[in-house]
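Enquirer: Next up, upload.cif (mmCIF, C-alpha atoms).
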data_target
#
loop_
_atom_site.group_PDB
_atom_site.id
_atom_site.type_symbol
_atom_site.label_atom_id
_atom_site.label_comp_id
_atom_site.auth_asym_id
_atom_site.auth_seq_id
_atom_site.Cartn_x
_atom_site.Cartn_y
_atom_site.Cartn_z
ATOM 1 C CA MET L 1 96.537 83.284 83.882
ATOM 2 C CA ARG L 2 97.075 81.641 80.516
ATOM 3 C CA SER L 3 95.166 82.764 77.460
ATOM 4 C CA SER L 4 93.625 80.369 74.964
ATOM 5 C CA PRO L 5 95.567 79.731 71.710
ATOM 6 C CA SER L 6 93.097 81.900 69.736
ATOM 7 C CA VAL L 7 93.650 84.805 72.150
ATOM 8 C CA GLN L 8 97.434 84.286 71.951
ATOM 9 C CA THR L 9 97.232 84.498 68.142
ATOM 10 C CA LYS L 10 95.214 87.724 68.340
ATOM 11 C CA ILE L 11 97.679 89.216 70.813
ATOM 12 C CA SER L 12 100.795 88.293 68.844
ATOM 13 C CA ASN L 13 99.338 89.817 65.656
ATOM 14 C CA ALA L 14 97.933 92.981 67.275
ATOM 15 C CA CYS L 15 98.861 96.485 66.164
ATOM 16 C CA VAL L 16 97.891 99.932 67.441
ATOM 17 C CA GLN L 17 95.486 101.738 65.092
ATOM 18 C CA LYS L 18 94.811 104.913 67.117
ATOM 19 C CA GLU L 19 95.661 106.438 70.456
ATOM 20 C CA TYR L 20 94.221 109.601 71.920
ATOM 21 C CA SER L 21 93.450 111.339 75.208
ATOM 22 C CA LEU L 22 91.501 109.216 77.641
ATOM 23 C CA ASP L 23 87.823 109.448 76.647
ATOM 24 C CA TRP L 24 84.521 108.475 78.282
ATOM 25 C CA LYS L 25 84.798 104.870 76.998
ATOM 26 C CA GLY L 26 88.175 104.548 78.705
ATOM 27 C CA LEU L 27 86.786 106.017 81.918
ATOM 28 C CA ILE L 28 83.829 103.582 81.860
ATOM 29 C CA LEU L 29 86.229 100.666 81.320
ATOM 30 C CA LEU L 30 88.322 101.768 84.316
ATOM 31 C CA ASN L 31 85.222 102.103 86.523
ATOM 32 C CA GLU L 32 84.090 98.600 85.529
ATOM 33 C CA GLU L 33 87.527 97.297 86.547
ATOM 34 C CA GLY L 34 87.289 98.950 89.985
ATOM 35 C CA ILE L 35 89.928 101.579 89.123
ATOM 36 C CA SER L 36 89.470 105.106 90.465
ATOM 37 C CA THR L 37 89.539 107.746 87.732
ATOM 38 C CA THR L 38 90.411 110.646 90.039
ATOM 39 C CA HIS L 39 94.233 110.585 89.781
ATOM 40 C CA LEU L 40 95.237 108.858 86.558
ATOM 41 C CA PRO L 41 98.703 109.197 85.010
ATOM 42 C CA ALA L 42 98.914 111.679 82.125
ATOM 43 C CA ARG L 43 100.471 108.926 79.987
ATOM 44 C CA LEU L 44 97.298 106.794 80.124
ATOM 45 C CA ARG L 45 95.516 106.866 76.771
ATOM 46 C CA SER L 46 92.434 105.527 75.039
ATOM 47 C CA VAL L 47 93.671 103.103 72.401
ATOM 48 C CA GLU L 48 92.277 101.176 69.458
ATOM 49 C CA VAL L 49 94.111 97.949 68.621
ATOM 50 C CA LEU L 50 93.592 95.846 65.493
ATOM 51 C CA ALA L 51 93.790 92.093 66.152
ATOM 52 C CA LEU L 52 92.807 89.599 63.423
ATOM 53 C CA ASN L 53 90.744 92.222 61.561
ATOM 54 C CA VAL L 54 88.799 93.233 64.686
ATOM 55 C CA VAL L 55 89.304 96.627 66.335
ATOM 56 C CA TYR L 56 89.337 96.479 70.148
ATOM 57 C CA CYS L 57 88.924 99.667 72.184
ATOM 58 C CA GLY L 58 90.748 99.907 75.482
ATOM 59 C CA ILE L 59 93.381 101.802 77.442
ATOM 60 C CA GLY L 60 97.147 101.836 77.228
ATOM 61 C CA ILE L 61 100.493 103.299 78.238
ATOM 62 C CA ARG L 62 103.581 103.456 75.998
ATOM 63 C CA ASN L 63 106.567 101.453 77.269
ATOM 64 C CA GLU L 64 110.230 102.482 77.068
ATOM 65 C CA MET L 65 110.669 100.747 73.688
ATOM 66 C CA GLY L 66 107.679 102.469 72.073
ATOM 67 C CA GLY L 67 105.334 99.495 72.411
ATOM 68 C CA MET L 68 101.899 99.782 74.006
ATOM 69 C CA GLU L 69 100.826 98.185 77.284
ATOM 70 C CA PHE L 70 97.176 97.598 76.389
ATOM 71 C CA TYR L 71 94.037 96.412 78.173
ATOM 72 C CA SER L 72 90.609 95.633 76.755
ATOM 73 C CA ALA L 73 88.219 93.457 78.752
ATOM 74 C CA SER L 74 86.716 92.167 75.502
ATOM 75 C CA LEU L 75 90.078 90.842 74.267
ATOM 76 C CA CYS L 76 91.976 89.433 77.243
ATOM 77 C CA ARG L 77 91.713 89.023 81.032
ATOM 78 C CA SER L 78 94.933 90.932 81.677
ATOM 79 C CA SER L 79 96.903 93.667 79.952
ATOM 80 C CA PHE L 80 99.450 92.694 77.320
ATOM 81 C CA THR L 81 102.111 94.345 75.159
ATOM 82 C CA VAL L 82 101.532 95.397 71.588
ATOM 83 C CA LYS L 83 105.118 95.052 70.315
ATOM 84 C CA PRO L 84 107.826 96.098 70.813
ATOM 85 C CA ALA L 85 108.059 94.784 74.363
ATOM 86 C CA GLY L 86 109.760 96.736 77.117
ATOM 87 C CA ILE L 87 109.392 97.879 80.706
ATOM 88 C CA THR L 88 107.465 101.045 81.512
ATOM 89 C CA CYS L 89 109.081 103.488 83.950
ATOM 90 C CA ILE L 90 106.854 106.143 85.492
ATOM 91 C CA PRO L 91 108.832 108.613 87.621
ATOM 92 C CA ARG L 92 107.258 110.297 90.637
ATOM 93 C CA VAL L 93 108.724 113.573 89.357
ATOM 94 C CA GLU L 94 109.401 113.830 85.617
ATOM 95 C CA GLY L 95 113.134 113.949 84.902
ATOM 96 C CA HIS L 96 114.117 112.936 88.462
ATOM 97 C CA ARG L 97 114.780 109.464 89.871
ATOM 98 C CA SER L 98 113.441 108.761 93.354
ATOM 99 C CA ASP L 99 115.356 106.549 95.800
ATOM 100 C CA ALA L 100 112.350 104.177 95.974
ATOM 101 C CA CYS L 101 110.268 102.335 93.404
ATOM 102 C CA CYS L 102 107.255 100.047 93.189
ATOM 103 C CA VAL L 103 107.299 97.160 90.722
ATOM 104 C CA PHE L 104 104.241 95.663 89.010
ATOM 105 C CA ALA L 105 103.700 92.770 86.628
ATOM 106 C CA ASP L 106 101.349 94.733 84.394
ATOM 107 C CA MET L 107 99.617 98.052 83.814
ATOM 108 C CA MET L 108 96.333 97.055 85.475
ATOM 109 C CA ASP L 109 98.137 96.171 88.726
ATOM 110 C CA TYR L 110 99.771 99.621 88.590
ATOM 111 C CA LEU L 111 96.377 101.329 88.135
ATOM 112 C CA ALA L 112 94.926 99.245 90.987
ATOM 113 C CA TYR L 113 97.830 100.434 93.172
ATOM 114 C CA LEU L 114 96.976 104.066 92.368
ATOM 115 C CA THR L 115 93.385 103.352 93.452
ATOM 116 C CA LEU L 116 94.516 101.954 96.820
ATOM 117 C CA LEU L 117 96.990 104.803 97.239
ATOM 118 C CA GLU L 118 94.238 107.353 96.685
ATOM 119 C CA LYS L 119 92.021 105.650 99.275
ATOM 120 C CA GLN L 120 95.005 105.492 101.660
ATOM 121 C CA GLU L 121 94.680 101.707 101.864
ATOM 122 C CA VAL L 122 98.360 101.301 101.153
ATOM 123 C CA LEU L 123 100.811 103.620 102.887
ATOM 124 C CA ILE L 124 103.894 104.085 100.766
ATOM 125 C CA PRO L 125 105.676 107.388 100.227
ATOM 126 C CA ALA L 126 105.310 108.584 96.635
ATOM 127 C CA CYS L 127 107.915 106.836 94.513
ATOM 128 C CA ASP L 128 108.764 105.824 90.951
ATOM 129 C CA CYS L 129 106.860 102.917 89.393
ATOM 130 C CA ILE L 130 108.103 100.191 87.050
ATOM 131 C CA ILE L 131 105.729 98.021 85.028
ATOM 132 C CA MET L 132 107.265 94.798 83.727
ATOM 133 C CA GLY L 133 104.618 94.266 81.025
ATOM 134 C CA ALA L 134 105.741 90.729 80.106
ATOM 135 C CA ILE L 135 107.768 88.014 81.804
ATOM 136 C CA SER L 136 110.368 88.392 79.041
ATOM 137 C CA ASN L 137 111.115 91.877 80.429
ATOM 138 C CA PHE L 138 112.042 90.618 83.891
ATOM 139 C CA MET L 139 115.814 91.040 83.452
ATOM 140 C CA ASP L 140 115.326 94.626 82.215
ATOM 141 C CA MET L 141 113.132 95.331 85.237
ATOM 142 C CA LEU L 142 115.720 93.742 87.550
ATOM 143 C CA HIS L 143 118.453 95.923 86.046
ATOM 144 C CA GLU L 144 116.292 99.026 86.601
ATOM 145 C CA CYS L 145 115.617 97.957 90.221
ATOM 146 C CA LYS L 146 119.358 98.055 90.950
ATOM 147 C CA MET L 147 119.169 101.852 90.703
ATOM 148 C CA TYR L 148 116.949 102.106 93.816
ATOM 149 C CA ALA L 149 117.615 101.882 97.565
ATOM 150 C CA HIS L 150 114.032 100.772 98.369
ATOM 151 C CA ILE L 151 111.849 98.463 96.275
ATOM 152 C CA CYS L 152 108.182 97.648 96.945
ATOM 153 C CA CYS L 153 106.967 94.551 95.088
ATOM 154 C CA PHE L 154 103.338 94.117 93.974
ATOM 155 C CA LEU L 155 103.839 90.911 92.012
ATOM 156 C CA PRO L 156 101.330 88.094 91.386
ATOM 157 C CA ASN L 157 100.555 85.489 94.055
ATOM 158 C CA THR L 158 101.881 82.727 91.808
ATOM 159 C CA ILE L 159 105.033 80.640 91.661
ATOM 160 C CA PRO L 160 106.556 82.909 88.959
ATOM 161 C CA GLY L 161 105.547 85.990 90.986
ATOM 162 C CA ARG L 162 107.167 84.581 94.128
ATOM 163 C CA THR L 163 110.306 83.631 92.172
ATOM 164 C CA MET L 164 110.549 87.170 90.790
ATOM 165 C CA PHE L 165 110.204 88.628 94.301
ATOM 166 C CA LEU L 166 112.938 86.334 95.671
ATOM 167 C CA THR L 167 115.236 87.298 92.796
ATOM 168 C CA ILE L 168 114.664 91.020 93.400
ATOM 169 C CA ASN L 169 115.087 90.423 97.145
ATOM 170 C CA SER L 170 118.562 88.996 96.500
ATOM 171 C CA LEU L 171 119.804 92.359 95.186
ATOM 172 C CA LYS L 172 122.491 93.913 97.335
ATOM 173 C CA ASN L 173 122.446 97.442 98.752
ATOM 174 C CA CYS L 174 118.671 97.824 98.686
ATOM 175 C CA GLU L 175 115.691 97.145 100.934
ATOM 176 C CA VAL L 176 112.989 95.005 99.288
ATOM 177 C CA LYS L 177 109.445 94.567 100.639
ATOM 178 C CA ASP L 178 106.740 92.181 99.469
ATOM 179 C CA PHE L 179 103.257 93.756 99.413
ATOM 180 C CA SER L 180 101.414 90.752 97.948
ATOM 181 C CA CYS L 181 99.933 90.121 101.417
ATOM 182 C CA ILE L 182 97.581 93.080 100.727
ATOM 183 C CA TYR L 183 95.723 91.054 98.111
ATOM 184 C CA GLY L 184 96.078 87.791 100.014
ATOM 185 C CA LYS L 185 94.718 84.783 98.143
ATOM 186 C CA THR L 186 93.782 86.862 95.083
ATOM 187 C CA ILE L 187 96.156 86.237 92.183
ATOM 188 C CA CYS L 188 97.012 89.895 91.582
ATOM 189 C CA LEU L 189 96.343 93.432 92.765
ATOM 190 C CA HIS L 190 94.021 94.228 89.841
ATOM 191 C CA GLN L 191 91.745 91.266 90.599
ATOM 192 C CA TYR L 192 91.725 92.214 94.297
ATOM 193 C CA VAL L 193 90.572 95.774 93.552
ATOM 194 C CA LYS L 194 88.045 94.620 90.941
ATOM 195 C CA ARG L 195 86.364 92.091 93.268
ATOM 196 C CA ARG L 196 85.906 94.457 96.217
#
Mind turning this structure into structure tokens?

Expert:
Amino acid sequence: MRSSPSVQTKISNACVQKEYSLDWKGLILLNEEGISTTHLPARLRSVEVLALNVVYCGIGIRNEMGGMEFYSASLCRSSFTVKPAGITCIPRVEGHRSDACCVFADMMDYLAYLTLLEKQEVLIPACDCIIMGAISNFMDMLHECKMYAHICCFLPNTIPGRTMFLTINSLKNCEVKDFSCIYGKTICLHQYVKRR
């Protein structure tokens, strides 16, 4: 989904003001988005972002470059990166790389996946997770995917999402599966979970 030019300006000029342990506002936001709050990653934080002199409260996860993957329903319809941009790698076991990974376009798709995993609506052995965060990070994500023998893709049901899957699927020495059929005609996993 494209954002309006005014939203794009806010996003490009955004900066993190505060981040702290997930609070009740963050938990309410997650519930409103259809995300289960039972098993959330420890890295998930409540975050305040300043964009064009307005402070937006939301949730976020730090990416590998120190930027923030941020979501606030009052600012944008999907999560975005407060610079610097980079992929976010979340290992199944801290300090240890699994032989399998799941890839997601953004943080909200990752959180939706955790919700389905908890409800046993998707049966995948526990594995590492990679969040692309922005289309500009695709090559970094692809490079990271080369380290895995099994890759599960939860990418958008769009032409760019399909192109990304086909590119990942062309990697040698790994098994790649497309899980976008779970959310069918819905554009992404987050929207699927939210509309149920």

Enquirer: Using all atoms listed in the file, can you tell me which of L:Ala14, L:Cys89, L:Ile35, L:Leu27 comes closest to Lys119 in chain L?

Expert: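 That would be L:Ile35, the residue with the smallest distance to Lys119 in chain L.
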
Enquirer: Evaluated on this file, the PyMOL selection byres ((chain L and resi 147) around 12) picks out some residues - which ones are they, written as a ChimeraX atom specification?

Expert: /L:97-101,128,130,140-146,148-151,171-175

Enquirer: Could you save those same residues with C-alpha atoms as a compact mmCIF listing (two decimals), keeping the file's coordinate frame?

Expert:
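What ended up in again18.txt:
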# COMPACT_ATOMS: atom_id res chain seq x y z
CA ARG L 97 114.78 109.46 89.87
CA SER L 98 113.44 108.76 93.35
CA ASP L 99 115.36 106.55 95.80
CA ALA L 100 112.35 104.18 95.97
CA CYS L 101 110.27 102.34 93.40
CA ASP L 128 108.76 105.82 90.95
CA ILE L 130 108.10 100.19 87.05
CA ASP L 140 115.33 94.63 82.22
CA MET L 141 113.13 95.33 85.24
CA LEU L 142 115.72 93.74 87.55
CA HIS L 143 118.45 95.92 86.05
CA GLU L 144 116.29 99.03 86.60
CA CYS L 145 115.62 97.96 90.22
CA LYS L 146 119.36 98.06 90.95
CA TYR L 148 116.95 102.11 93.82
CA ALA L 149 117.62 101.88 97.56
CA HIS L 150 114.03 100.77 98.37
CA ILE L 151 111.85 98.46 96.28
CA LEU L 171 119.80 92.36 95.19
CA LYS L 172 122.49 93.91 97.34
CA ASN L 173 122.45 97.44 98.75
CA CYS L 174 118.67 97.82 98.69
CA GLU L 175 115.69 97.14 100.93

Enquirer: Which residue out of L:Ile11, L:Ala51, L:Ile59, L:Met68 has the minimum interatomic distance to Ala85 in chain L when only C-alpha atoms are used?

Expert: L:Met68

Enquirer: What does the distance between CA of Val93 in chain L and CA of Pro41 in chain L come to in Å, to one decimal place?

Expert: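 Taking CA of Val93 in chain L and CA of Pro41 in chain L, their separation equals 11.8 Å.
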
Enquirer: Env of Pro160 in chain L: 12 Å cut, atoms = all atoms listed in the file, seq-sep filter 3 positions within chain, self excluded. Answer as a list in words.

Expert: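 In the requested format, the answer is Met1, Ala105, Ala134, Ile135, Ser136, Phe138, Leu155, Pro156, Asn157, Thr163, Met164, Phe165, Leu166, Thr167 and Ile187 of chain L.
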
Enquirer: Put those residues in a file: C-alpha atoms, as a PDB file, in the frame of the given file.

Expert:
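Generated file (result18.pdb):
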ATOM      1  CA  MET L   1      96.537  83.284  83.882  1.00  0.00           C
ATOM      2  CA  ALA L 105     103.700  92.770  86.628  1.00  0.00           C
ATOM      3  CA  ALA L 134     105.741  90.729  80.106  1.00  0.00           C
ATOM      4  CA  ILE L 135     107.768  88.014  81.804  1.00  0.00           C
ATOM      5  CA  SER L 136     110.368  88.392  79.041  1.00  0.00           C
ATOM      6  CA  PHE L 138     112.042  90.618  83.891  1.00  0.00           C
ATOM      7  CA  LEU L 155     103.839  90.911  92.012  1.00  0.00           C
ATOM      8  CA  PRO L 156     101.330  88.094  91.386  1.00  0.00           C
ATOM      9  CA  ASN L 157     100.555  85.489  94.055  1.00  0.00           C
ATOM     10  CA  THR L 163     110.306  83.631  92.172  1.00  0.00           C
ATOM     11  CA  MET L 164     110.549  87.170  90.790  1.00  0.00           C
ATOM     12  CA  PHE L 165     110.204  88.628  94.301  1.00  0.00           C
ATOM     13  CA  LEU L 166     112.938  86.334  95.671  1.00  0.00           C
ATOM     14  CA  THR L 167     115.236  87.298  92.796  1.00  0.00           C
ATOM     15  CA  ILE L 187      96.156  86.237  92.183  1.00  0.00           C
TER      16      ILE L 187
END

Enquirer: Enter the distance from CA of Gly86 in chain L to CA of Glu69 in chain L, in Å, rounded to one decimal.

Expert: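 Distance reported for this atom pair: 9.1 Å.
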
Enquirer: For Glu118 in chain L, work out the shell of residues within 9 Å, counting only C-alpha atoms and skipping chain neighbours fewer than 4 positions away, then give it as a PyMOL selection string.

Expert: chain L and resi 36+38-39+113-114+122

Enquirer: Find the distance between CA of Cys127 in chain L and CA of Ala112 in chain L and write it in Å to one decimal.

Expert: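 For CA of Cys127 in chain L relative to CA of Ala112 in chain L, the distance reads 15.5 Å.
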
Enquirer: Residues within 9 Å of Asp23 in chain L, please, as a short mmCIF file (atom, residue, chain, number, x, y, z; two decimals) with C-alpha atoms, keeping the file's coordinate frame. Count all atoms listed in the file; anything in the same chain fewer than 5 positions from it doesn't count.

Expert:
data_model
loop_
_atom_site.label_atom_id
_atom_site.label_comp_id
_atom_site.auth_asym_id
_atom_site.auth_seq_id
_atom_site.Cartn_x
_atom_site.Cartn_y
_atom_site.Cartn_z
CA ILE L 28 83.83 103.58 81.86
CA ARG L 45 95.52 106.87 76.77
CA SER L 46 92.43 105.53 75.04
#

Enquirer: Go through L:Thr158, L:Gln120, L:Thr81, L:Asn169 one by one, measure the shortest atom-to-atom distance of each to Lys185 in chain L using only C-alpha atoms, and give the residue with the smallest value.

Expert: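 Result for the nearest residue to Lys185 in chain L: L:Thr158.
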
Enquirer: Which of these, L:Leu117, L:Leu29, L:Leu123, L:Ala42, has the shortest distance to Gly58 in chain L once you count only C-alpha atoms?

Expert: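 Of L:Leu117, L:Leu29, L:Leu123, L:Ala42, the one nearest Gly58 in chain L, counting only C-alpha atoms, is L:Leu29.
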
Enquirer: Would you please work out which residue, of L:Cys152, L:Phe80, L:Leu44, L:Thr186, is nearest to Ile168 in chain L when using only C-alpha atoms?

Expert: L:Cys152

Enquirer: Extract, using all atoms listed in the file, all DNA, RNA and protein residues at most 8 Å from Gly34 in chain L, discarding same-chain residues fewer than 5 positions from it, and format them as a ChimeraX atom specification.

Expert: /L:112,193-196

Enquirer: Hey, which of L:Leu52, L:Leu111, L:Met139, L:Val176 ends up closest to Cys188 in chain L? Count only C-alpha atoms.

Expert: L:Leu111

Enquirer: Selected by the PyMOL selection byres ((chain L and resi 65) around 10) in the shown coordinates: which residues, as a list in words?

Expert: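 When the PyMOL selection byres ((chain L and resi 65) around 10) is applied to the shown file, the picked residues are Arg62, Asn63, Glu64, Gly66, Gly67, Met68, Lys83, Pro84, Ala85, Gly86, Ile87 and Thr88 of chain L.
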
Enquirer: Just to be explicit: take each residue in the selection above, keep C-alpha atoms, and write the result as a PDB file, in the coordinates of the input.

Expert:
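Output contents, as saved in selection28.pdb:
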ATOM      1  CA  ARG L  62     103.581 103.456  75.998  1.00  0.00           C
ATOM      2  CA  ASN L  63     106.567 101.453  77.269  1.00  0.00           C
ATOM      3  CA  GLU L  64     110.230 102.482  77.068  1.00  0.00           C
ATOM      4  CA  GLY L  66     107.679 102.469  72.073  1.00  0.00           C
ATOM      5  CA  GLY L  67     105.334  99.495  72.411  1.00  0.00           C
ATOM      6  CA  MET L  68     101.899  99.782  74.006  1.00  0.00           C
ATOM      7  CA  LYS L  83     105.118  95.052  70.315  1.00  0.00           C
ATOM      8  CA  PRO L  84     107.826  96.098  70.813  1.00  0.00           C
ATOM      9  CA  ALA L  85     108.059  94.784  74.363  1.00  0.00           C
ATOM     10  CA  GLY L  86     109.760  96.736  77.117  1.00  0.00           C
ATOM     11  CA  ILE L  87     109.392  97.879  80.706  1.00  0.00           C
ATOM     12  CA  THR L  88     107.465 101.045  81.512  1.00  0.00           C
TER      13      THR L  88
END

Enquirer: Assuming the chain letters and numbering stay as they are in my file, what does the PyMOL selection byres ((chain L and resi 71-78) around 10) actually select? List them as number ranges by chain.

Expert: L: 1-4, 7-8, 10-11, 26, 29-30, 32-33, 46-49, 51, 54-61, 68-70, 79-81, 106-109, 190-191
